[in-house]
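A.B. asks: What follows is a single structure, and I will ask about it in a moment.
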Amino acid sequence: MSDRHLLEEELSTEELVKGRFLHVYRDTVRLPDGATATREYIVHPGAVMIVPLLEDEEGGIRVVLERQFRYPVGQVMIEFPAGKLDAGEDLQRCAQRELLEETGYAGSRWAHAGVLHPVISYSTEFIDIWFARDLTSGMRQLDQGEFLDVFTATPTELLQWCRDGLITDGKTLTATLWLQNYLSGAWPLSWRPAAVPLPAG
């Protein structure tokens with residue numbers, strides 16, 4: 001099936017804002033019917049999100065979560081660990097780095113789940129979704145000015161918080177869908193060793 005009847009063609013572009021890592025552009029585009037329109041959007045370097053699985057001796061699973069104040073919405077949000085890519089950084093290595101820096105955990109087994117585009121109407125941002133297991137704990141390495149709590153929950157608790165509106169972060173809702181289907185066996189994952197080991201916390 002062809003998408004040509006839906007495509008828009010860039011005619012010109014203008015950079016409106018150049019921030020520390022976000023850039024805002026306004027483009028003029030030609031629409032499929034030949035008319036023109038403007039599109040304002042944010043260029044984002046991309047990010048990763050990690051679903052860290054802690055297993056107890058009885059085979060039960062808990063997930064590692066964070067509580068962090070998010071200034072744009074003025075709320076403390078419950079989220080899975082996540083962070084932006086550095087220029088040229090390998091996706092799995094970024095996931096390992098962010099998990100260690102934010103939570104102190106290092107995973108020896110990793111699985112790539114998929115990709116999320118959280119705000120397709122106004123941003124190029126993508127979030128690569130990773131699962132980590134066989135975790136060992138160490139010291140966190142938070143960035144200067146970064147403040148967050150780390151805690152664990154059962155998958156049942158996580159689902160209840162999503163249902164009850166205590167979790168509204170889009171990436172965490174998507175990761176919870178992945179987790180639910182992984183645990184049910186509907187969406188299998190292919191596990192691999194950690195990438196080049198990171199320094200212990």
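Scheme for the structure tokens: letters A, B, ... for chains in order shown; per-chain residue numbers from 1; ligand numbers from 1 in order shown.
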Please extract the residues of region 21-176 of chain A with a backbone DSSP assignment of strand (DSSP E) and present them as a ChimeraX atom specification.

C.D. replies: /A:23-30,36-43,47-55,61-70,75-79,82-84,105-116,127-137,149-153

A.B. asks: May I have a table of the residues of region 5-113 of chain A lying at most 8 Å from region 189-196 of chain A, giving each one's closest pair of atoms and their distance in Å to one decimal, counting only C-alpha atoms, ordered by chain and ascending residue number, as a Markdown table?

C.D. replies:
| residue | atom | partner | partner_atom | distance |
| --- | --- | --- | --- | --- |
| A:Gln92 | CA | A:Ala195 | CA | 6.7 |
| A:Arg93 | CA | A:Ala195 | CA | 6.1 |
| A:Gln96 | CA | A:Ala194 | CA | 7.7 |
| A:Gly107 | CA | A:Ala194 | CA | 6.9 |
| A:Ser108 | CA | A:Ala194 | CA | 5.1 |
| A:Arg109 | CA | A:Pro193 | CA | 4.7 |
| A:Trp110 | CA | A:Arg192 | CA | 5.2 |
| A:Ala111 | CA | A:Trp191 | CA | 4.6 |
| A:His112 | CA | A:Leu189 | CA | 7.2 |
| A:Ala113 | CA | A:Leu189 | CA | 6.8 |

A.B. asks: Could you pull out the helix (DSSP H, G or I) residues of region 2-176 of chain A from DSSP and send them as number ranges by chain?

C.D. replies: A: 4-6, 71-73, 91-103, 155-163, 170-176

A.B. asks: Would you kindly return, as an MDAnalysis selection string, each protein, DNA or RNA residue with an atom no farther than 7 Å from any atom of region 168-179 of chain A, considering only C-alpha atoms and excluding same-chain residues fewer than 4 positions away?

C.D. replies: chainID A and resid 79:80 118 162 183

A.B. asks: If you keep N, CA and C atoms, can you produce a file of those selected residues as a PDB file, in the first residue's frame?

C.D. replies:
ATOM      1  N   GLU A  79       7.820   6.661  37.474  1.00  0.00           N
ATOM      2  CA  GLU A  79       8.322   6.322  36.149  1.00  0.00           C
ATOM      3  C   GLU A  79       9.275   5.140  36.220  1.00  0.00           C
ATOM      4  N   PHE A  80       9.460   4.480  35.072  1.00  0.00           N
ATOM      5  CA  PHE A  80      10.587   3.584  34.920  1.00  0.00           C
ATOM      6  C   PHE A  80      11.840   4.419  34.660  1.00  0.00           C
ATOM      7  N   PRO A 118       6.748   9.056  21.660  1.00  0.00           N
ATOM      8  CA  PRO A 118       5.775   9.537  22.641  1.00  0.00           C
ATOM      9  C   PRO A 118       4.952  10.740  22.209  1.00  0.00           C
ATOM     10  N   CYS A 162      -1.569   2.238  37.401  1.00  0.00           N
ATOM     11  CA  CYS A 162      -1.918   2.701  36.057  1.00  0.00           C
ATOM     12  C   CYS A 162      -3.430   2.836  35.911  1.00  0.00           C
ATOM     13  N   LEU A 183       5.132 -11.062  30.847  1.00  0.00           N
ATOM     14  CA  LEU A 183       4.892 -11.980  31.949  1.00  0.00           C
ATOM     15  C   LEU A 183       3.832 -13.025  31.611  1.00  0.00           C
TER      16      LEU A 183
END

A.B. asks: Need the shell around Arg70 (chain A): protein/DNA/RNA residues with any atom at most 12 Å away, counting only C-alpha atoms. Skip same-chain ones fewer than 5 positions apart. Format as number ranges by chain?

C.D. replies: A: 75-79, 146-148, 169

A.B. asks: Would you pick out the contacts of Thr38 (chain A) at 12 Å or less, using only C-alpha atoms, so that residues sharing its chain but fewer than 4 positions from it are not included, and give the list as a list in words?

C.D. replies: Glu8, Glu9, Glu10, Leu11, Ser12, Thr13, Glu14, Tyr25, Arg26, Asp27, Thr28, Val29, Arg30, Leu31 and Tyr122 of chain A

A.B. asks: With distances taken over only C-alpha atoms, which of A:Gly34, A:Pro72, A:Gly114, A:Gly19 is nearest to Ile50 (chain A)?

C.D. replies: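 Checking each of A:Gly34, A:Pro72, A:Gly114, A:Gly19 against Ile50 (chain A), counting only C-alpha atoms, the winner is A:Gly114.
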
A.B. asks: Could you give me, as a list of chain:residue names, the residues within 8 Å of Gly104 (chain A), counting only C-alpha atoms and dropping anything in the same chain fewer than 6 positions from it?

C.D. replies: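 Here the answer would be A:Ser137, A:Gly138, A:Met139, A:Arg140, A:Gln141, A:Gly201.
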
A.B. asks: Pick the closest to Val24 (chain A) from A:Met49, A:Leu7, A:Ile42, A:Leu158: which is it, counting only C-alpha atoms?

C.D. replies: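 Result for the nearest residue to Val24 (chain A): A:Ile42.
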
A.B. asks: Can you measure CA of Val73 (chain A) to CA of Glu40 (chain A) for me? One decimal in Å is fine.

C.D. replies: 21.0 Å

A.B. asks: Return the single residue from A:Leu53, A:Ser2, A:Gln180, A:Ala186 that is closest to Thr156 (chain A), with distances computed using only C-alpha atoms.

C.D. replies: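 The shortest atom-to-atom distance to Thr156 (chain A) comes from A:Gln180.
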
A.B. asks: Pick out the closest residue to Asp3 (chain A) from this set: A:Pro32, A:Asp134, A:Asp149, A:Cys94. Count only C-alpha atoms.

C.D. replies: A:Pro32

A.B. asks: Identify which of the residues A:Phe126, A:Tyr105, A:Phe69, A:Phe151 lies closest to Pro45 (chain A), counting only C-alpha atoms when measuring atom-to-atom distances.

C.D. replies: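 Distance minimum relative to Pro45 (chain A) lands on A:Phe126.
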
A.B. asks: To one decimal in Å, tell me the separation between CA of Val51 (chain A) and CA of Arg20 (chain A).

C.D. replies: 27.5 Å

A.B. asks: Out of A:Asp143, A:Glu15, A:Asp86, A:Asp128, which residue has the shortest atom-to-atom distance to Glu101 (chain A) when counting only C-alpha atoms?

C.D. replies: A:Asp143

A.B. asks: In Å, how far is it from CA of Glu55 (chain A) to CA of Ala82 (chain A)?

C.D. replies: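 Separating CA of Glu55 (chain A) from CA of Ala82 (chain A) is a distance of 20.7 Å.
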